Amino acid sequence: MASLAFSSGHLAAANKFRYATPARNALVKCSLKFEGNGKHGVQQTLTTNQNQQTYPKLFIPYEFQRDPIKKEETRLRVFSGTANPALSEEIAAYMGLDLGDIKITRFADGEIYVQLRESVRGCDVFLVQPTCPPANENLMELLVMIDACRRASAKTVTAVIPYFGYARADRKTQGRESIAAKLVANLITEAGADRVLACDLHSGQSIGYFDIPVDHVHGQPVILDYLASKSICADDLVVVSPDVGGVARARAFAKKLSDAPLAIVDKRRHGHNVAEVMNLIGDVKGKVAVMVDDMIDTAGTISKGAALLRDEGAREVYACCTHALLSPPAVERLSSGLFQEVIITDTIPVSEKNSFPQLTILSVANLLGEAIWRVHDDYAGSFEHFSSLGID
């Protein structure tokens, strides 16, 4: 299984993301290519042809890096489901392509109807569809899209899943539990997908549940780049894992963020979406604490961790995650004043009602777009600036 680990500093020639690691006593700083990326600006809206719904965006689009390509000049096709059409548009725009023409509707009884309105015979097809809430609806839509492409004689079908739902059900913690992540992997494989391109899976073991190749893209460099632009003194930084299970993720993050010290919040969970903070391992007094996790659901874990960090003397607390589900009462907890800033990516669309002043949204369209090109072009990562991306 391949892993697209986008190392900071090596994407500059491809899509202009840059991240520099300064000396320990210097300021954590780098220059951002895409002005306005992740910063609050004028609300952007995108309307999809499939269902005419409007999706608000909280960041200013960046300058696209590739020249437009005519469809007759390439055998690459990118189609969007209805889960996150704004991200799909940004991916296609970065790649210099138009999104494929697809019709997705619902029958009166809720059944999903999918029809490709252009030929994909002999093409490499990429279907962009996160399985975010409503998870079952979006998952079923992805399966029907895969089936439609397979029956239309596509050469290959790649499911691009920015957020992989059911990833948390990746093991049995008690008797008589299901391992839903494996079940969903089987469904995607049996539907006819040849490959999966996913972003920040909840655990690496989920890759092994698929019997087809999985390319795992990490959104970490996007968040690192943004944090580096904030000119925080490196000596003031401490990276915090909100639980013991996220220590490896936080340690990797801290290493790239000027090799910052690490702290761990020890918690015990009494039920699903219920967390209780127990203790803090490490020193955060007078520090700028950066809490790192892969997702925020109800924000119970991260908000209780932030409260503990404040009690232990942290000067500022930043929350960083790739996937923001923001299930109630997440917005209330995140906007309560505990956090200086909540930094997320757009793998899951954020509705206008879930926006709040501390929220910053960063785009992963570049990473996913570049990954799609490399999968299509069979880049092995051995050329120039692709050498350290870990693509097998």
# chains A, B, ... in the order shown; residues from 1 in each chain; ligands from 1
call {"tool": "residues_around", "arguments": {"residues": "Leu142 (chain A)", "least_positions_apart": "6", "cutoff": "8 Å", "atoms": "only C-alpha atoms", "output": "PDB file with all heavy atoms, in the first residue's frame"}}
result
ATOM      1  N   GLY A  81     -19.338  14.014  -6.089  1.00  0.00           N
ATOM      2  CA  GLY A  81     -20.611  13.691  -5.478  1.00  0.00           C
ATOM      3  C   GLY A  81     -21.212  14.948  -4.869  1.00  0.00           C
ATOM      4  O   GLY A  81     -20.698  16.058  -5.055  1.00  0.00           O
ATOM      5  N   LEU A 127     -13.454   9.836  -8.315  1.00  0.00           N
ATOM      6  CA  LEU A 127     -14.718  10.257  -7.741  1.00  0.00           C
ATOM      7  C   LEU A 127     -14.465  10.890  -6.374  1.00  0.00           C
ATOM      8  O   LEU A 127     -14.003  10.218  -5.450  1.00  0.00           O
ATOM      9  CB  LEU A 127     -15.659   9.061  -7.591  1.00  0.00           C
ATOM     10  CG  LEU A 127     -15.922   8.242  -8.856  1.00  0.00           C
ATOM     11  CD1 LEU A 127     -16.757   7.010  -8.529  1.00  0.00           C
ATOM     12  CD2 LEU A 127     -16.618   9.089  -9.914  1.00  0.00           C
ATOM     13  N   GLN A 129     -15.724  12.180  -3.047  1.00  0.00           N
ATOM     14  CA  GLN A 129     -16.911  12.063  -2.202  1.00  0.00           C
ATOM     15  C   GLN A 129     -16.518  11.670  -0.779  1.00  0.00           C
ATOM     16  O   GLN A 129     -16.256  10.509  -0.493  1.00  0.00           O
ATOM     17  CB  GLN A 129     -17.873  11.016  -2.793  1.00  0.00           C
ATOM     18  CG  GLN A 129     -19.091  10.705  -1.947  1.00  0.00           C
ATOM     19  CD  GLN A 129     -20.203  11.734  -2.063  1.00  0.00           C
ATOM     20  OE1 GLN A 129     -19.991  12.857  -2.484  1.00  0.00           O
ATOM     21  NE2 GLN A 129     -21.406  11.342  -1.691  1.00  0.00           N
ATOM     22  N   ALA A 159     -11.684   6.004  -5.791  1.00  0.00           N
ATOM     23  CA  ALA A 159     -12.553   6.720  -4.858  1.00  0.00           C
ATOM     24  C   ALA A 159     -11.697   7.679  -4.040  1.00  0.00           C
ATOM     25  O   ALA A 159     -10.852   7.247  -3.257  1.00  0.00           O
ATOM     26  CB  ALA A 159     -13.271   5.731  -3.946  1.00  0.00           C
TER      27      ALA A 159
END
call {"tool": "residues_around", "arguments": {"residues": "Glu341 (chain A)", "least_positions_apart": "3", "cutoff": "8 Å", "atoms": "only C-alpha atoms", "output": "list of chain:residue names"}}
result
A:Val317, A:Tyr318, A:Ala319, A:Gln358, A:Leu359, A:Thr360
call {"tool": "closest_residue", "arguments": {"among": "A:Pro130, A:Met291, A:Tyr209, A:Asp225", "to": "Leu237 (chain A)", "atoms": "only C-alpha atoms"}}
result
A:Met291
call {"tool": "select_by_dssp", "arguments": {"residues": "region 167-269 of chain A", "states": "strand (DSSP E)", "output": "list in words"}}
result
Arg195, Val196, Leu197, Ala198, Cys199, Val214, Asp215, His216, Val217, Ile232, Cys233, Leu237, Val238, Val239, Val240, Ser241, Leu262, Ala263, Ile264, Val265, Asp266, Lys267, Arg268 and Arg269 of chain A
call {"tool": "residues_around", "arguments": {"residues": "region 180-194 of chain A", "least_positions_apart": "3", "cutoff": "7 Å", "atoms": "only C-alpha atoms", "output": "number ranges by chain"}}
result
A: 143, 146-147, 150, 156-159, 166-167, 169-170, 206, 209-210, 212
call {"tool": "write_last_selection", "arguments": {"atoms": "N, CA, C and O atoms", "output": "tab-separated table (two decimals), in the first residue's frame"}}
result
chain	number	residue	atom	x	y	z
A	143	LEU	N	-21.00	4.54	-3.56
A	143	LEU	CA	-21.06	3.18	-4.11
A	143	LEU	C	-21.79	3.15	-5.45
A	143	LEU	O	-21.36	2.47	-6.39
A	146	ILE	N	-19.52	4.63	-8.12
A	146	ILE	CA	-18.49	3.67	-8.53
A	146	ILE	C	-19.07	2.65	-9.50
A	146	ILE	O	-18.49	2.33	-10.54
A	147	ASP	N	-20.27	2.15	-9.17
A	147	ASP	CA	-20.92	1.16	-10.02
A	147	ASP	C	-21.22	1.73	-11.40
A	147	ASP	O	-21.04	1.06	-12.42
A	150	ARG	N	-17.99	1.87	-13.39
A	150	ARG	CA	-17.55	0.53	-13.79
A	150	ARG	C	-18.38	0.02	-14.97
A	150	ARG	O	-17.84	-0.56	-15.92
A	156	THR	N	-9.98	2.68	-14.98
A	156	THR	CA	-9.81	2.54	-13.54
A	156	THR	C	-10.77	3.49	-12.83
A	156	THR	O	-11.12	4.55	-13.37
A	157	VAL	N	-11.17	3.12	-11.63
A	157	VAL	CA	-12.04	3.96	-10.81
A	157	VAL	C	-11.37	4.14	-9.45
A	157	VAL	O	-11.12	3.17	-8.73
A	158	THR	N	-11.06	5.40	-9.12
A	158	THR	CA	-10.44	5.71	-7.83
A	158	THR	C	-11.42	6.51	-6.99
A	158	THR	O	-11.93	7.55	-7.42
A	159	ALA	N	-11.68	6.00	-5.79
A	159	ALA	CA	-12.55	6.72	-4.86
A	159	ALA	C	-11.70	7.68	-4.04
A	159	ALA	O	-10.85	7.25	-3.26
A	166	TYR	N	-16.91	6.05	9.39
A	166	TYR	CA	-16.84	4.74	10.04
A	166	TYR	C	-15.40	4.35	10.39
A	166	TYR	O	-15.16	3.22	10.82
A	167	ALA	N	-14.43	5.26	10.18
A	167	ALA	CA	-13.03	4.92	10.46
A	167	ALA	C	-12.78	4.68	11.94
A	167	ALA	O	-11.83	3.98	12.31
A	169	ALA	N	-14.62	2.97	13.91
A	169	ALA	CA	-15.00	1.59	14.24
A	169	ALA	C	-14.01	0.64	13.58
A	169	ALA	O	-14.36	-0.18	12.74
A	170	ASP	N	-12.73	0.76	13.99
A	170	ASP	CA	-11.66	0.02	13.32
A	170	ASP	C	-11.16	-1.18	14.14
A	170	ASP	O	-10.22	-1.85	13.74
A	206	SER	N	-6.48	1.04	9.15
A	206	SER	CA	-7.62	1.02	8.24
A	206	SER	C	-7.18	0.76	6.81
A	206	SER	O	-7.96	0.24	6.00
A	209	TYR	N	-7.52	-2.78	5.75
A	209	TYR	CA	-8.86	-3.35	5.55
A	209	TYR	C	-9.24	-3.42	4.09
A	209	TYR	O	-10.18	-4.13	3.72
A	210	PHE	N	-8.56	-2.66	3.24
A	210	PHE	CA	-8.86	-2.67	1.81
A	210	PHE	C	-8.03	-3.74	1.10
A	210	PHE	O	-6.84	-3.92	1.40
A	212	ILE	N	-7.55	-3.45	-2.08
A	212	ILE	CA	-7.09	-2.69	-3.24
A	212	ILE	C	-6.08	-1.66	-2.75
A	212	ILE	O	-6.00	-1.38	-1.55
call {"tool": "residues_around", "arguments": {"residues": "Leu367 (chain A)", "least_positions_apart": "3", "cutoff": "8 Å", "atoms": "only C-alpha atoms", "output": "VMD selection string"}}
result
chain A and resid 6 217 219 364 370 to 371
call {"tool": "write_last_selection", "arguments": {"atoms": "C-alpha atoms", "output": "PDB file, in the first residue's frame"}}
result
ATOM      1  CA  PHE A   6       3.675  15.124   1.795  1.00  0.00           C
ATOM      2  CA  VAL A 217      -2.513  11.751   1.977  1.00  0.00           C
ATOM      3  CA  GLY A 219      -3.072  17.196   5.603  1.00  0.00           C
ATOM      4  CA  VAL A 364      -6.452  20.620   1.019  1.00  0.00           C
ATOM      5  CA  GLU A 370      -1.488  16.824  -6.875  1.00  0.00           C
ATOM      6  CA  ALA A 371      -2.038  13.313  -5.528  1.00  0.00           C
TER       7      ALA A 371
END
call {"tool": "closest_residue", "arguments": {"among": "A:Met145, A:Val114, A:Leu280, A:Ala234", "to": "Leu308 (chain A)", "atoms": "only C-alpha atoms"}}
result
A:Leu280
call {"tool": "closest_residue", "arguments": {"among": "A:Gly245, A:Arg195, A:Val128, A:Gln115", "to": "Leu87 (chain A)", "atoms": "only C-alpha atoms"}}
result
A:Val128
call {"tool": "select_by_dssp", "arguments": {"residues": "region 241-311 of chain A", "states": "alpha helix (DSSP H)", "output": "PyMOL selection string"}}
result
chain A and resi 247-256+300-311
call {"tool": "closest_residue", "arguments": {"among": "A:Val120, A:Val244, A:Ala198, A:Val265", "to": "Thr347 (chain A)", "atoms": "only C-alpha atoms"}}
result
A:Ala198
call {"tool": "residues_around", "arguments": {"residues": "Val247 (chain A)", "least_positions_apart": "6", "cutoff": "9 Å", "atoms": "only C-alpha atoms", "output": "PDB file with all heavy atoms, in the first residue's frame"}}
result
ATOM      1  N   VAL A 240       0.386  19.474  22.015  1.00  0.00           N
ATOM      2  CA  VAL A 240      -0.358  18.676  22.990  1.00  0.00           C
ATOM      3  C   VAL A 240      -1.206  17.632  22.267  1.00  0.00           C
ATOM      4  O   VAL A 240      -1.949  17.962  21.333  1.00  0.00           O
ATOM      5  CB  VAL A 240      -1.269  19.562  23.862  1.00  0.00           C
ATOM      6  CG1 VAL A 240      -2.001  18.718  24.901  1.00  0.00           C
ATOM      7  CG2 VAL A 240      -0.459  20.666  24.537  1.00  0.00           C
ATOM      8  N   SER A 241      -1.093  16.393  22.707  1.00  0.00           N
ATOM      9  CA  SER A 241      -1.993  15.339  22.246  1.00  0.00           C
ATOM     10  C   SER A 241      -3.190  15.276  23.176  1.00  0.00           C
ATOM     11  O   SER A 241      -3.020  15.168  24.390  1.00  0.00           O
ATOM     12  CB  SER A 241      -1.274  13.986  22.231  1.00  0.00           C
ATOM     13  OG  SER A 241      -2.186  12.945  21.938  1.00  0.00           O
ATOM     14  N   LEU A 262       6.552  18.118  23.830  1.00  0.00           N
ATOM     15  CA  LEU A 262       5.277  17.417  23.724  1.00  0.00           C
ATOM     16  C   LEU A 262       4.621  17.295  25.100  1.00  0.00           C
ATOM     17  O   LEU A 262       5.298  17.068  26.108  1.00  0.00           O
ATOM     18  CB  LEU A 262       5.510  16.019  23.141  1.00  0.00           C
ATOM     19  CG  LEU A 262       4.285  15.148  22.865  1.00  0.00           C
ATOM     20  CD1 LEU A 262       3.445  15.738  21.748  1.00  0.00           C
ATOM     21  CD2 LEU A 262       4.736  13.732  22.487  1.00  0.00           C
ATOM     22  N   ALA A 263       3.322  17.464  25.137  1.00  0.00           N
ATOM     23  CA  ALA A 263       2.532  17.216  26.351  1.00  0.00           C
ATOM     24  C   ALA A 263       1.366  16.315  25.977  1.00  0.00           C
ATOM     25  O   ALA A 263       0.927  16.283  24.823  1.00  0.00           O
ATOM     26  CB  ALA A 263       2.026  18.527  26.956  1.00  0.00           C
ATOM     27  N   ILE A 264       0.863  15.581  26.957  1.00  0.00           N
ATOM     28  CA  ILE A 264      -0.199  14.602  26.711  1.00  0.00           C
ATOM     29  C   ILE A 264      -1.306  14.785  27.738  1.00  0.00           C
ATOM     30  O   ILE A 264      -1.042  14.872  28.943  1.00  0.00           O
ATOM     31  CB  ILE A 264       0.345  13.157  26.782  1.00  0.00           C
ATOM     32  CG1 ILE A 264       1.512  12.971  25.810  1.00  0.00           C
ATOM     33  CG2 ILE A 264      -0.758  12.149  26.483  1.00  0.00           C
ATOM     34  CD1 ILE A 264       2.290  11.692  26.038  1.00  0.00           C
TER      35      ILE A 264
END
call {"tool": "residues_around", "arguments": {"residues": "Leu224 (chain A)", "least_positions_apart": "3", "cutoff": "8 Å", "atoms": "only C-alpha atoms", "output": "list in words"}}
result
Tyr19, Gln220, Pro221, Leu227, Ala228, Phe253, Lys256 and Leu257 of chain A
call {"tool": "closest_residue", "arguments": {"among": "A:Leu309, A:Val331, A:Leu338, A:Ala250", "to": "Val292 (chain A)", "atoms": "only C-alpha atoms"}}
result
A:Ala250
call {"tool": "residues_around", "arguments": {"residues": "region 342-344 of chain A", "least_positions_apart": "2", "cutoff": "8 Å", "atoms": "only C-alpha atoms", "output": "list in words"}}
result
Ile223, Tyr318, Ala319, Cys320, Cys321, Thr322, His323, Ala324, Leu334, Phe339, Gln340, Asp346, Gln358, Leu359, Thr360, Ile361 and Leu362 of chain A
call {"tool": "atom_distance", "arguments": {"atom1": "CA of Gly286 (chain A)", "atom2": "CA of Lys304 (chain A)"}}
result
18.7 Å
call {"tool": "atom_distance", "arguments": {"atom1": "CA of Cys233 (chain A)", "atom2": "CA of Glu316 (chain A)"}}
result
12.6 Å
call {"tool": "closest_residue", "arguments": {"among": "A:Asn279, A:Ser119, A:Thr105, A:Asn138", "to": "Asn84 (chain A)", "atoms": "only C-alpha atoms"}}
result
A:Asn138
